[in-house]
$ cat run32.cif   # mmCIF, C-alpha atoms and all ligand atoms
data_final
loop_
_atom_site.label_atom_id
_atom_site.label_comp_id
_atom_site.auth_asym_id
_atom_site.auth_seq_id
_atom_site.Cartn_x
_atom_site.Cartn_y
_atom_site.Cartn_z
CA MET P 1 -7.15 -50.08 -41.57
CA LYS P 2 -3.76 -48.83 -40.33
CA PRO P 3 -3.65 -45.19 -39.15
CA THR P 4 -1.71 -42.89 -41.44
CA ILE P 5 0.94 -40.67 -39.84
CA LEU P 6 1.88 -37.75 -42.06
CA PHE P 7 5.36 -36.27 -41.50
CA LEU P 8 5.68 -32.79 -43.01
CA GLU P 9 9.43 -32.85 -42.27
CA SER P 10 11.84 -35.62 -41.41
CA ILE P 11 12.77 -36.28 -37.78
CA ASP P 12 15.57 -38.25 -36.13
CA PRO P 13 15.78 -41.91 -37.27
CA ALA P 14 15.86 -43.08 -33.63
CA ALA P 15 12.32 -41.74 -33.30
CA MET P 16 11.16 -43.28 -36.57
CA SER P 17 12.36 -46.67 -35.36
CA LEU P 18 9.63 -46.54 -32.66
CA LEU P 19 6.98 -46.80 -35.38
CA ALA P 20 6.38 -50.40 -36.45
CA PRO P 21 5.69 -50.37 -40.22
CA ALA P 22 3.17 -53.17 -39.73
CA ALA P 23 1.04 -50.93 -37.52
CA TYR P 24 1.13 -47.55 -39.32
CA ASP P 25 1.15 -46.11 -42.81
CA ILE P 26 4.01 -43.67 -42.58
CA VAL P 27 4.05 -40.86 -45.12
CA LEU P 28 7.38 -39.08 -45.31
CA PRO P 29 8.09 -35.61 -46.76
CA GLY P 30 8.06 -35.70 -50.50
CA SER P 31 6.13 -38.97 -50.78
CA PRO P 32 2.82 -38.60 -52.56
CA LEU P 33 -0.34 -39.07 -50.52
CA ALA P 34 -3.46 -39.62 -52.61
CA ASP P 35 -5.82 -40.47 -49.80
CA TYR P 36 -5.93 -38.25 -46.70
CA SER P 37 -9.03 -39.97 -45.29
CA ASN P 38 -7.16 -41.99 -42.68
CA VAL P 39 -4.51 -39.43 -41.64
CA GLN P 40 -4.81 -39.63 -37.85
CA ALA P 41 -1.61 -37.79 -36.94
CA ILE P 42 0.43 -34.99 -38.49
CA VAL P 43 4.01 -34.29 -37.37
CA THR P 44 5.65 -30.93 -38.10
CA ARG P 45 8.96 -29.31 -37.23
CA GLY P 46 7.48 -25.88 -37.87
CA LYS P 47 8.38 -25.34 -41.51
CA GLY P 48 5.47 -27.52 -42.60
CA ARG P 49 2.35 -25.48 -41.85
CA VAL P 50 -0.74 -27.15 -40.48
CA ASP P 51 -3.46 -24.74 -41.54
CA ARG P 52 -7.21 -24.97 -41.79
CA ALA P 53 -7.06 -26.39 -45.34
CA LEU P 54 -4.77 -29.26 -44.32
CA ILE P 55 -6.83 -29.99 -41.20
CA ASP P 56 -9.99 -30.08 -43.33
CA ARG P 57 -8.38 -32.54 -45.74
CA CYS P 58 -7.92 -35.00 -42.87
CA PRO P 59 -11.37 -35.98 -41.49
CA ALA P 60 -9.91 -38.68 -39.21
CA LEU P 61 -7.23 -36.40 -37.73
CA ARG P 62 -6.72 -36.88 -33.98
CA VAL P 63 -3.40 -35.28 -33.16
CA ILE P 64 -1.00 -32.66 -34.53
CA ALA P 65 2.45 -33.07 -32.98
CA ARG P 66 4.97 -30.24 -33.07
CA CYS P 67 8.51 -31.61 -32.92
CA GLY P 68 9.68 -28.51 -31.05
CA VAL P 69 8.00 -25.73 -29.10
CA GLY P 70 6.67 -22.87 -31.26
CA LEU P 71 3.07 -23.35 -32.40
CA ASP P 72 2.98 -20.43 -34.82
CA ALA P 73 2.81 -22.71 -37.89
CA ILE P 74 -0.24 -24.54 -36.58
CA ASP P 75 -3.83 -23.26 -36.57
CA VAL P 76 -4.30 -24.32 -32.95
CA ASP P 77 -7.69 -22.62 -32.57
CA TYR P 78 -9.16 -24.36 -35.60
CA ALA P 79 -7.67 -27.71 -34.60
CA THR P 80 -9.26 -27.31 -31.18
CA THR P 81 -12.70 -26.53 -32.62
CA ARG P 82 -12.36 -29.69 -34.70
CA GLY P 83 -11.48 -31.70 -31.56
CA VAL P 84 -7.93 -32.33 -32.75
CA GLN P 85 -5.30 -32.30 -30.01
CA VAL P 86 -2.12 -30.26 -30.53
CA VAL P 87 0.98 -31.39 -28.62
CA ASN P 88 4.51 -30.02 -28.46
CA VAL P 89 7.57 -30.69 -26.30
CA PRO P 90 7.65 -27.80 -23.79
CA GLY P 91 11.07 -27.12 -22.32
CA ALA P 92 12.76 -29.94 -24.23
CA ASN P 93 15.01 -27.64 -26.26
CA ALA P 94 15.39 -24.90 -23.63
CA ALA P 95 18.92 -25.83 -22.56
CA THR P 96 20.34 -25.96 -26.05
CA VAL P 97 18.58 -22.81 -27.28
CA ALA P 98 19.78 -20.92 -24.19
CA GLU P 99 23.33 -22.11 -24.88
CA HIS P 100 23.05 -20.96 -28.50
CA THR P 101 21.70 -17.60 -27.36
CA LEU P 102 24.72 -17.04 -25.13
CA GLY P 103 26.93 -18.12 -28.04
CA LEU P 104 25.36 -15.44 -30.23
CA MET P 105 25.86 -12.87 -27.47
CA LEU P 106 29.53 -13.76 -27.17
CA MET P 107 30.06 -13.70 -30.93
CA LEU P 108 28.37 -10.33 -31.26
CA VAL P 109 29.21 -8.35 -28.14
CA ARG P 110 32.77 -9.63 -27.62
CA GLY P 111 33.40 -9.68 -31.37
CA MET P 112 34.38 -13.37 -31.21
CA TYR P 113 33.11 -13.93 -34.74
CA ARG P 114 35.39 -11.21 -36.07
CA LEU P 115 38.40 -12.46 -34.08
CA VAL P 116 38.17 -15.93 -35.61
CA ARG P 117 37.60 -14.55 -39.12
CA GLU P 118 40.61 -12.20 -38.93
CA VAL P 119 42.94 -15.02 -37.89
CA LYS P 120 41.61 -17.20 -40.72
CA ASP P 121 42.43 -14.25 -43.00
CA ASP P 122 45.99 -14.37 -41.63
CA ASN P 123 45.58 -11.16 -39.67
CA TRP P 124 47.00 -12.08 -36.27
CA ASP P 125 47.77 -8.41 -35.66
CA TYR P 126 44.05 -7.70 -35.47
CA ARG P 127 44.61 -8.21 -31.72
CA ASN P 128 46.20 -4.76 -31.68
CA ASP P 129 42.97 -3.18 -32.94
CA TYR P 130 40.67 -5.34 -30.84
CA ALA P 131 38.51 -3.20 -28.56
CA GLU P 132 35.25 -4.92 -27.72
CA GLN P 133 33.16 -5.30 -24.59
CA GLU P 134 32.85 -8.34 -22.35
CA LEU P 135 29.50 -9.54 -21.05
CA ARG P 136 30.46 -9.19 -17.39
CA GLY P 137 29.04 -5.97 -16.01
CA LEU P 138 26.51 -5.46 -18.83
CA THR P 139 22.76 -5.62 -18.24
CA CYS P 140 20.92 -8.41 -20.05
CA GLY P 141 17.20 -7.75 -20.51
CA ILE P 142 15.09 -10.81 -21.25
CA ILE P 143 11.65 -10.45 -22.82
CA GLY P 144 9.66 -13.69 -22.35
CA MET P 145 10.75 -15.37 -19.15
CA GLY P 146 9.59 -18.90 -20.01
CA ASN P 147 11.64 -22.08 -20.35
CA ILE P 148 14.31 -20.57 -22.61
CA GLY P 149 14.34 -17.05 -21.20
CA THR P 150 14.78 -18.34 -17.65
CA ARG P 151 17.81 -20.41 -18.66
CA VAL P 152 19.32 -17.52 -20.59
CA GLY P 153 18.94 -15.48 -17.42
CA THR P 154 20.76 -18.11 -15.36
CA LEU P 155 23.64 -18.38 -17.84
CA ALA P 156 23.93 -14.61 -18.26
CA GLY P 157 24.01 -14.20 -14.48
CA MET P 158 26.78 -16.77 -14.22
CA LEU P 159 28.82 -14.70 -16.65
CA GLY P 160 28.45 -11.66 -14.41
CA MET P 161 25.67 -9.88 -16.28
CA GLU P 162 22.94 -8.08 -14.39
CA VAL P 163 19.74 -9.79 -15.48
CA LYS P 164 16.38 -8.02 -15.87
CA SER P 165 13.23 -9.60 -17.21
CA ALA P 166 9.81 -8.60 -18.43
CA GLY P 167 6.68 -10.59 -19.06
CA ARG P 168 3.58 -9.20 -20.71
CA ASP P 169 3.40 -5.85 -18.91
CA PRO P 170 4.14 -3.12 -21.51
CA ALA P 171 5.51 -0.76 -18.81
CA ALA P 172 7.96 -3.44 -17.65
CA ILE P 173 9.05 -4.10 -21.24
CA GLU P 174 9.60 -0.36 -21.73
CA ARG P 175 11.74 -0.14 -18.57
CA LEU P 176 13.75 -3.16 -19.66
CA LEU P 177 14.43 -1.67 -23.11
CA LYS P 178 15.65 1.56 -21.48
CA ASP P 179 17.93 -0.25 -19.01
CA SER P 180 19.57 -3.09 -20.97
CA ASN P 181 22.84 -3.25 -22.89
CA VAL P 182 21.77 -6.55 -24.44
CA VAL P 183 18.10 -7.39 -25.06
CA SER P 184 17.27 -11.04 -25.68
CA LEU P 185 13.90 -12.10 -27.11
CA HIS P 186 12.20 -15.31 -25.96
CA VAL P 187 8.50 -14.78 -26.66
CA PRO P 188 6.34 -16.97 -28.92
CA LEU P 189 5.17 -15.44 -32.20
CA THR P 190 1.57 -14.33 -31.65
CA GLU P 191 -0.52 -11.43 -32.88
CA LYS P 192 0.65 -9.54 -29.76
CA THR P 193 4.36 -10.16 -30.26
CA ARG P 194 4.52 -9.76 -34.06
CA GLY P 195 6.51 -6.57 -34.68
CA MET P 196 6.86 -6.00 -30.91
CA ILE P 197 10.39 -4.68 -31.49
CA ASN P 198 9.44 -1.82 -33.79
CA GLU P 199 10.79 1.69 -34.35
CA ASN P 200 9.36 2.88 -31.05
CA ALA P 201 10.84 -0.02 -29.06
CA LEU P 202 14.23 0.35 -30.75
CA SER P 203 14.26 4.09 -30.02
CA MET P 204 13.94 3.33 -26.28
CA MET P 205 17.01 1.10 -26.21
CA ILE P 206 20.30 2.38 -24.81
CA PRO P 207 22.39 3.81 -27.68
CA GLU P 208 24.81 1.19 -29.02
CA SER P 209 23.12 -1.69 -27.25
CA TYR P 210 22.63 -5.13 -28.80
CA LEU P 211 19.59 -7.20 -29.77
CA ILE P 212 19.55 -11.01 -29.75
CA ASN P 213 16.64 -12.95 -31.25
CA THR P 214 16.38 -16.72 -31.04
CA ALA P 215 12.55 -16.54 -30.86
CA ARG P 216 10.99 -15.72 -34.24
CA ALA P 217 12.10 -13.27 -36.95
CA GLU P 218 8.69 -11.60 -37.13
CA VAL P 219 8.94 -10.35 -33.54
CA VAL P 220 11.36 -7.72 -34.91
CA ASP P 221 10.32 -5.20 -37.58
CA ALA P 222 13.05 -5.65 -40.21
CA THR P 223 12.81 -2.12 -41.62
CA ALA P 224 13.08 -0.48 -38.21
CA LEU P 225 15.95 -2.81 -37.34
CA LEU P 226 17.94 -1.81 -40.43
CA GLU P 227 17.34 1.88 -39.73
CA ALA P 228 18.53 1.49 -36.13
CA LEU P 229 21.68 -0.31 -37.29
CA GLN P 230 22.40 2.15 -40.09
CA GLY P 231 21.86 5.06 -37.71
CA GLU P 232 24.31 3.37 -35.33
CA ARG P 233 21.72 3.51 -32.57
CA LEU P 234 21.89 -0.28 -32.32
CA ALA P 235 25.41 -1.77 -32.18
CA GLY P 236 24.44 -5.19 -33.50
CA TYR P 237 21.81 -7.86 -34.07
CA ALA P 238 22.30 -11.61 -33.76
CA SER P 239 19.55 -14.07 -34.57
CA ASP P 240 18.88 -17.73 -35.25
CA LEU P 241 16.22 -16.71 -37.76
CA LEU P 242 16.35 -15.26 -41.23
CA PRO P 243 14.92 -11.72 -41.04
CA VAL P 244 11.44 -11.38 -42.53
CA GLY P 245 10.53 -8.18 -44.38
CA PRO P 246 10.78 -6.51 -47.79
CA PRO P 247 13.43 -8.40 -49.84
CA GLU P 248 15.67 -5.33 -50.27
CA ILE P 249 15.66 -4.72 -46.51
CA VAL P 250 16.45 -8.36 -45.77
CA ALA P 251 19.31 -8.27 -48.30
CA GLU P 252 20.77 -5.15 -46.61
CA LEU P 253 20.46 -6.74 -43.19
CA MET P 254 22.23 -9.90 -44.33
CA LYS P 255 25.13 -7.81 -45.69
CA HIS P 256 25.43 -5.62 -42.61
CA PRO P 257 28.69 -6.28 -40.71
CA ALA P 258 26.98 -6.07 -37.31
CA VAL P 259 24.31 -8.64 -38.18
CA LEU P 260 25.01 -12.29 -37.38
CA ILE P 261 22.51 -14.93 -38.47
CA THR P 262 22.54 -18.68 -37.80
CA PRO P 263 20.24 -20.97 -39.83
CA HIS P 264 17.55 -21.81 -37.26
CA ALA P 265 19.89 -24.38 -35.77
CA ALA P 266 19.72 -23.54 -32.06
CA SER P 267 17.89 -26.74 -31.18
CA LEU P 268 19.49 -28.99 -33.78
CA THR P 269 22.33 -30.47 -31.75
CA THR P 270 22.39 -34.26 -32.18
CA LEU P 271 21.35 -34.81 -28.56
CA THR P 272 18.38 -32.45 -28.45
CA TYR P 273 17.19 -33.28 -31.96
CA ARG P 274 17.04 -36.96 -31.02
CA GLU P 275 15.36 -36.25 -27.68
CA ILE P 276 12.64 -34.00 -29.10
CA SER P 277 12.04 -36.37 -32.02
CA VAL P 278 11.60 -39.35 -29.70
CA THR P 279 9.28 -37.43 -27.37
CA THR P 280 7.22 -36.27 -30.36
CA VAL P 281 6.69 -39.80 -31.62
CA ARG P 282 5.82 -40.96 -28.10
CA ASN P 283 3.26 -38.14 -27.91
CA VAL P 284 1.70 -39.33 -31.19
CA LEU P 285 1.57 -42.93 -30.03
CA ARG P 286 -0.04 -41.94 -26.73
CA TYR P 287 -2.78 -40.09 -28.58
CA LEU P 288 -3.38 -42.77 -31.14
CA HIS P 289 -3.66 -45.33 -28.37
CA GLY P 290 -5.98 -43.31 -26.22
CA GLN P 291 -3.69 -42.01 -23.48
CA ASP P 292 -3.20 -38.30 -23.03
CA ALA P 293 0.10 -36.56 -23.60
CA ALA P 294 0.50 -33.06 -22.13
CA PRO P 295 -1.44 -30.79 -24.52
CA ALA P 296 0.24 -27.71 -25.96
CA ARG P 297 -0.80 -24.39 -24.47
CA PRO P 298 -2.92 -22.28 -26.79
CA LEU P 299 -1.28 -19.21 -28.33
CA ASP P 300 -2.49 -15.85 -27.07
N1 LIG P 401 15.56 -20.84 -32.45
C1 LIG P 401 15.03 -22.01 -32.15
O1 LIG P 401 15.44 -23.07 -32.63
C2 LIG P 401 13.90 -22.08 -31.17
C3 LIG P 401 13.04 -21.01 -31.00
N2 LIG P 401 12.02 -21.09 -30.10
C4 LIG P 401 11.14 -19.93 -29.94
O2 LIG P 401 11.22 -19.46 -28.60
C5 LIG P 401 9.91 -19.26 -28.10
C6 LIG P 401 9.92 -19.42 -26.59
O3 LIG P 401 10.18 -20.76 -26.24
P1 LIG P 401 10.02 -21.26 -24.73
O4 LIG P 401 10.79 -20.42 -23.79
O5 LIG P 401 10.26 -22.70 -24.74
O6 LIG P 401 8.46 -20.97 -24.50
P2 LIG P 401 7.69 -20.70 -23.14
O7 LIG P 401 6.24 -20.87 -23.44
O8 LIG P 401 8.28 -21.51 -22.05
O9 LIG P 401 7.99 -19.17 -22.83
C7 LIG P 401 7.45 -18.11 -23.55
C8 LIG P 401 7.39 -16.91 -22.62
O10 LIG P 401 6.95 -15.78 -23.38
C9 LIG P 401 5.98 -15.09 -22.59
N3 LIG P 401 5.08 -14.33 -23.44
C10 LIG P 401 4.05 -14.78 -24.22
N4 LIG P 401 3.44 -13.75 -24.84
C11 LIG P 401 4.06 -12.63 -24.42
C12 LIG P 401 3.87 -11.25 -24.70
N5 LIG P 401 2.88 -10.84 -25.51
N6 LIG P 401 4.70 -10.36 -24.11
C13 LIG P 401 5.67 -10.76 -23.27
N7 LIG P 401 5.91 -12.07 -22.96
C14 LIG P 401 5.11 -12.99 -23.53
C15 LIG P 401 5.26 -16.18 -21.83
O11 LIG P 401 4.61 -15.57 -20.73
P3 LIG P 401 3.43 -16.30 -19.93
O12 LIG P 401 4.14 -17.13 -18.91
O13 LIG P 401 2.66 -15.16 -19.36
O14 LIG P 401 2.65 -17.12 -20.90
C16 LIG P 401 6.42 -17.07 -21.45
O15 LIG P 401 7.04 -16.63 -20.27
C17 LIG P 401 9.06 -20.31 -28.85
O16 LIG P 401 7.70 -19.96 -28.87
C18 LIG P 401 9.68 -20.31 -30.22
O17 LIG P 401 9.08 -19.33 -31.03
C19 LIG P 401 11.84 -22.19 -29.31
C20 LIG P 401 12.68 -23.26 -29.44
C21 LIG P 401 13.74 -23.32 -30.43
O1 LIG P 402 11.02 -25.48 -31.16
C1 LIG P 402 10.91 -24.45 -31.84
O2 LIG P 402 10.00 -23.62 -31.69
C2 LIG P 402 11.90 -24.18 -32.90
O3 LIG P 402 11.94 -23.12 -33.45
C3 LIG P 402 12.81 -25.25 -33.31
O4 LIG P 402 12.07 -26.19 -33.98
#

$ encode --input "run32.cif" --output "structure tokens"
Amino acid sequence: MKPTILFLESIDPAAMSLLAPAAYDIVLPGSPLADYSNVQAIVTRGKGRVDRALIDRCPALRVIARCGVGLDAIDVDYATTRGVQVVNVPGANAATVAEHTLGLMLMLVRGMYRLVREVKDDNWDYRNDYAEQELRGLTCGIIGMGNIGTRVGTLAGMLGMEVKSAGRDPAAIERLLKDSNVVSLHVPLTEKTRGMINENALSMMIPESYLINTARAEVVDATALLEALQGERLAGYASDLLPVGPPEIVAELMKHPAVLITPHAASLTTLTYREISVTTVRNVLRYLHGQDAAPARPLD
């Protein structure tokens, strides 16, 4: 019987072409699957959740492959107790996410977004009112100095920013919040990082500093964020994630002129999307054929 590979979201066609239809039953998003008994691999890009219920429906499951890095949509602990391996592609989207993060910083802090919009609105003379900061000379504080955070630090340093970083030490995070003009978040979403940037954290930040979030929306408390923006304590927020919080708060944030949101696209350049898709399928094939791929680190 051919192994079934269940794709919760589509991935790049170049990766799909590595899967010979004669060897696998491939179940694509939206196609009905009546029989889960031979699902040996599940592939997710993070929107499709792999929870306990789905894992339990698949008694033959051997591998869950995350096409990307964040494991927050996968019940890694339960998978592990069931002997199911979880694999991701560590570092594979770090360069492109770091580039996107710097793009958000430039749009927000230098007001690049506004400059382009004013010219499109035929307001060339906006240049006479333009009075924004440049990144050079500002302090960039990075929380989560892993694959992405490290690259953001390198790029920010090349632009003349002073770079500070903090890992898990709460005192170091506190110092960083007090010292940075731009804080950039690069932690995974875990029970420890959920709501990490709350009212207390925002109150420590330098008045009129900026917050950049290409990690996960839930790391930032949406209500506290809106209050900080409305109180003009925070000068702006740019994120690759839709804020998560009470609907009326999210609606206010989306309307706020100093909030810039991109649609979780930081790692979706054609090059990186293809690379991470291909590596994901190779990871699945290695597991199905008995060779180890590098396992994902557990969340803590
Ligand atoms: N917008 C997008 O498209 C993308 C978003 N992401 C998000 O970015 C996150 C980071 O990715 P990446 O850099 O590749 O991951 P890494 O695992 O390389 O880095 C994560 C870093 O966060 C640190 N960290 C973990 N928990 C805490 C904590 N409680 N407090 C402070 N620091 C902590 C880790 O420290 P330690 O070394 O001690 O473990 C590590 O240095 C992903 O988990 C994902 O959520 C990732 C890719 C694309
Ligand atoms: O890799 C990740 O964690 C992303 O958010 C993009 O899929």

$ closest_residue --input "run32.cif" --among "P:Gly30, P:Gly103, P:Gly48, P:Pro257" --to "ligand LIG 402 (chain P)" --atoms "all atoms listed in the file"
P:Gly48

$ residues_near_ligand --input "run32.cif" --ligand "ligand LIG 402 (chain P)" --cutoff "8 Å" --atoms "only C-alpha atoms and all ligand atoms" --output "PyMOL selection string"
chain P and resi 45-46+66-71+89+93+215-216+264-268

$ write_last_selection --input "run32.cif" --atoms "C-alpha atoms" --output "CSV table (one decimal), keeping the file's coordinate frame"
chain,number,residue,atom,x,y,z
P,45,ARG,CA,9.0,-29.3,-37.2
P,46,GLY,CA,7.5,-25.9,-37.9
P,66,ARG,CA,5.0,-30.2,-33.1
P,67,CYS,CA,8.5,-31.6,-32.9
P,68,GLY,CA,9.7,-28.5,-31.0
P,69,VAL,CA,8.0,-25.7,-29.1
P,70,GLY,CA,6.7,-22.9,-31.3
P,71,LEU,CA,3.1,-23.4,-32.4
P,89,VAL,CA,7.6,-30.7,-26.3
P,93,ASN,CA,15.0,-27.6,-26.3
P,215,ALA,CA,12.6,-16.5,-30.9
P,216,ARG,CA,11.0,-15.7,-34.2
P,264,HIS,CA,17.6,-21.8,-37.3
P,265,ALA,CA,19.9,-24.4,-35.8
P,266,ALA,CA,19.7,-23.5,-32.1
P,267,SER,CA,17.9,-26.7,-31.2
P,268,LEU,CA,19.5,-29.0,-33.8

$ closest_residue --input "run32.cif" --among "P:Ile143, P:Ile197, P:Ala166, P:Ala235" --to "Thr223 of chain P" --atoms "only C-alpha atoms"
P:Ile197

$ closest_atom_pairs --input "run32.cif" --of "segment 60-153 of chain P" --to "segment 31-42 of chain P" --cutoff "12 Å" --atoms "only C-alpha atoms" --output "CSV"
residue,atom,partner,partner_atom,distance
P:Ala60,CA,P:Gln40,CA,5.4
P:Leu61,CA,P:Gln40,CA,4.0
P:Arg62,CA,P:Gln40,CA,5.1
P:Val63,CA,P:Ala41,CA,4.9
P:Ile64,CA,P:Ile42,CA,4.8
P:Ala65,CA,P:Ile42,CA,6.2
P:Arg66,CA,P:Ile42,CA,8.5
P:Cys67,CA,P:Ile42,CA,10.4
P:Ile74,CA,P:Ile42,CA,10.6
P:Ala79,CA,P:Ile42,CA,11.6
P:Val84,CA,P:Ala41,CA,9.3
P:Gln85,CA,P:Ala41,CA,9.6
P:Val86,CA,P:Ile42,CA,9.6
P:Val87,CA,P:Ile42,CA,10.5
P:Asn88,CA,P:Ile42,CA,11.9

$ residues_around --input "run32.cif" --residues "Met158 of chain P" --least-positions-apart "6" --cutoff "12 Å" --atoms "all atoms listed in the file" --output "list in words"
Leu102, Leu135, Arg136, Gly137, Cys140, Arg151 and Val152 of chain P

$ residues_around --input "run32.cif" --residues "Ile206 of chain P" --least-positions-apart "2" --cutoff "9 Å" --atoms "all atoms listed in the file" --output "list in words"
Leu177, Lys178, Asp179, Ser180, Asn181, Leu202, Ser203, Met204, Glu208, Ser209, Tyr210, Arg233 and Leu234 of chain P

$ axis_aligned_box --input "run32.cif" --around "ligand LIG 401 (chain P)" --padding-each-side "5 Å" --output "AutoDock Vina command-line options"
--center_x 9.1 --center_y -16.8 --center_z -25.8 --size_x 22.9 --size_y 23.0 --size_z 23.7

$ atom_distance --input "run32.cif" --atom1 "atom CA of Thr269 of chain P" --atom2 "atom C13 of ligand LIG 401 (chain P)"
27.2 Å

$ atom_distance --input "run32.cif" --atom1 "atom CA of Asn213 of chain P" --atom2 "atom CA of Ser184 of chain P"
5.9 Å

$ build_atoms --input "run32.cif" --residues "segment 250-264 of chain P" --atoms "N, CA, C and O atoms" --output "PDB file, keeping the file's coordinate frame"
ATOM      1  N   VAL P 250      15.822  -7.121 -46.248  1.00  0.00           N
ATOM      2  CA  VAL P 250      16.450  -8.360 -45.770  1.00  0.00           C
ATOM      3  C   VAL P 250      17.854  -8.494 -46.362  1.00  0.00           C
ATOM      4  O   VAL P 250      18.816  -8.829 -45.656  1.00  0.00           O
ATOM      5  N   ALA P 251      17.994  -8.169 -47.645  1.00  0.00           N
ATOM      6  CA  ALA P 251      19.310  -8.270 -48.300  1.00  0.00           C
ATOM      7  C   ALA P 251      20.309  -7.329 -47.620  1.00  0.00           C
ATOM      8  O   ALA P 251      21.460  -7.707 -47.358  1.00  0.00           O
ATOM      9  N   GLU P 252      19.866  -6.117 -47.295  1.00  0.00           N
ATOM     10  CA  GLU P 252      20.770  -5.150 -46.610  1.00  0.00           C
ATOM     11  C   GLU P 252      21.151  -5.661 -45.227  1.00  0.00           C
ATOM     12  O   GLU P 252      22.294  -5.534 -44.793  1.00  0.00           O
ATOM     13  N   LEU P 253      20.169  -6.219 -44.535  1.00  0.00           N
ATOM     14  CA  LEU P 253      20.460  -6.740 -43.190  1.00  0.00           C
ATOM     15  C   LEU P 253      21.486  -7.863 -43.267  1.00  0.00           C
ATOM     16  O   LEU P 253      22.432  -7.925 -42.469  1.00  0.00           O
ATOM     17  N   MET P 254      21.318  -8.750 -44.228  1.00  0.00           N
ATOM     18  CA  MET P 254      22.230  -9.900 -44.330  1.00  0.00           C
ATOM     19  C   MET P 254      23.661  -9.450 -44.635  1.00  0.00           C
ATOM     20  O   MET P 254      24.628 -10.112 -44.259  1.00  0.00           O
ATOM     21  N   LYS P 255      23.787  -8.321 -45.336  1.00  0.00           N
ATOM     22  CA  LYS P 255      25.130  -7.810 -45.690  1.00  0.00           C
ATOM     23  C   LYS P 255      25.756  -7.013 -44.556  1.00  0.00           C
ATOM     24  O   LYS P 255      26.954  -6.759 -44.545  1.00  0.00           O
ATOM     25  N   HIS P 256      24.940  -6.551 -43.623  1.00  0.00           N
ATOM     26  CA  HIS P 256      25.430  -5.620 -42.610  1.00  0.00           C
ATOM     27  C   HIS P 256      26.474  -6.283 -41.708  1.00  0.00           C
ATOM     28  O   HIS P 256      26.258  -7.394 -41.216  1.00  0.00           O
ATOM     29  N   PRO P 257      27.621  -5.619 -41.486  1.00  0.00           N
ATOM     30  CA  PRO P 257      28.690  -6.280 -40.710  1.00  0.00           C
ATOM     31  C   PRO P 257      28.324  -6.557 -39.250  1.00  0.00           C
ATOM     32  O   PRO P 257      28.924  -7.437 -38.631  1.00  0.00           O
ATOM     33  N   ALA P 258      27.342  -5.849 -38.719  1.00  0.00           N
ATOM     34  CA  ALA P 258      26.980  -6.070 -37.310  1.00  0.00           C
ATOM     35  C   ALA P 258      25.737  -6.959 -37.171  1.00  0.00           C
ATOM     36  O   ALA P 258      25.070  -6.954 -36.140  1.00  0.00           O
ATOM     37  N   VAL P 259      25.430  -7.709 -38.242  1.00  0.00           N
ATOM     38  CA  VAL P 259      24.310  -8.640 -38.180  1.00  0.00           C
ATOM     39  C   VAL P 259      24.855 -10.062 -38.315  1.00  0.00           C
ATOM     40  O   VAL P 259      25.548 -10.379 -39.285  1.00  0.00           O
ATOM     41  N   LEU P 260      24.577 -10.893 -37.345  1.00  0.00           N
ATOM     42  CA  LEU P 260      25.010 -12.290 -37.380  1.00  0.00           C
ATOM     43  C   LEU P 260      23.765 -13.181 -37.381  1.00  0.00           C
ATOM     44  O   LEU P 260      22.916 -13.050 -36.499  1.00  0.00           O
ATOM     45  N   ILE P 261      23.686 -14.064 -38.373  1.00  0.00           N
ATOM     46  CA  ILE P 261      22.510 -14.930 -38.470  1.00  0.00           C
ATOM     47  C   ILE P 261      22.968 -16.395 -38.500  1.00  0.00           C
ATOM     48  O   ILE P 261      23.883 -16.742 -39.256  1.00  0.00           O
ATOM     49  N   THR P 262      22.333 -17.228 -37.697  1.00  0.00           N
ATOM     50  CA  THR P 262      22.540 -18.680 -37.800  1.00  0.00           C
ATOM     51  C   THR P 262      21.253 -19.294 -38.383  1.00  0.00           C
ATOM     52  O   THR P 262      20.174 -18.704 -38.263  1.00  0.00           O
ATOM     53  N   PRO P 263      21.378 -20.471 -39.023  1.00  0.00           N
ATOM     54  CA  PRO P 263      20.240 -20.970 -39.830  1.00  0.00           C
ATOM     55  C   PRO P 263      19.194 -21.776 -39.057  1.00  0.00           C
ATOM     56  O   PRO P 263      18.936 -22.929 -39.357  1.00  0.00           O
ATOM     57  N   HIS P 264      18.566 -21.156 -38.096  1.00  0.00           N
ATOM     58  CA  HIS P 264      17.550 -21.810 -37.260  1.00  0.00           C
ATOM     59  C   HIS P 264      18.055 -23.185 -36.797  1.00  0.00           C
ATOM     60  O   HIS P 264      17.426 -24.229 -37.023  1.00  0.00           O
TER      61      HIS P 264
END
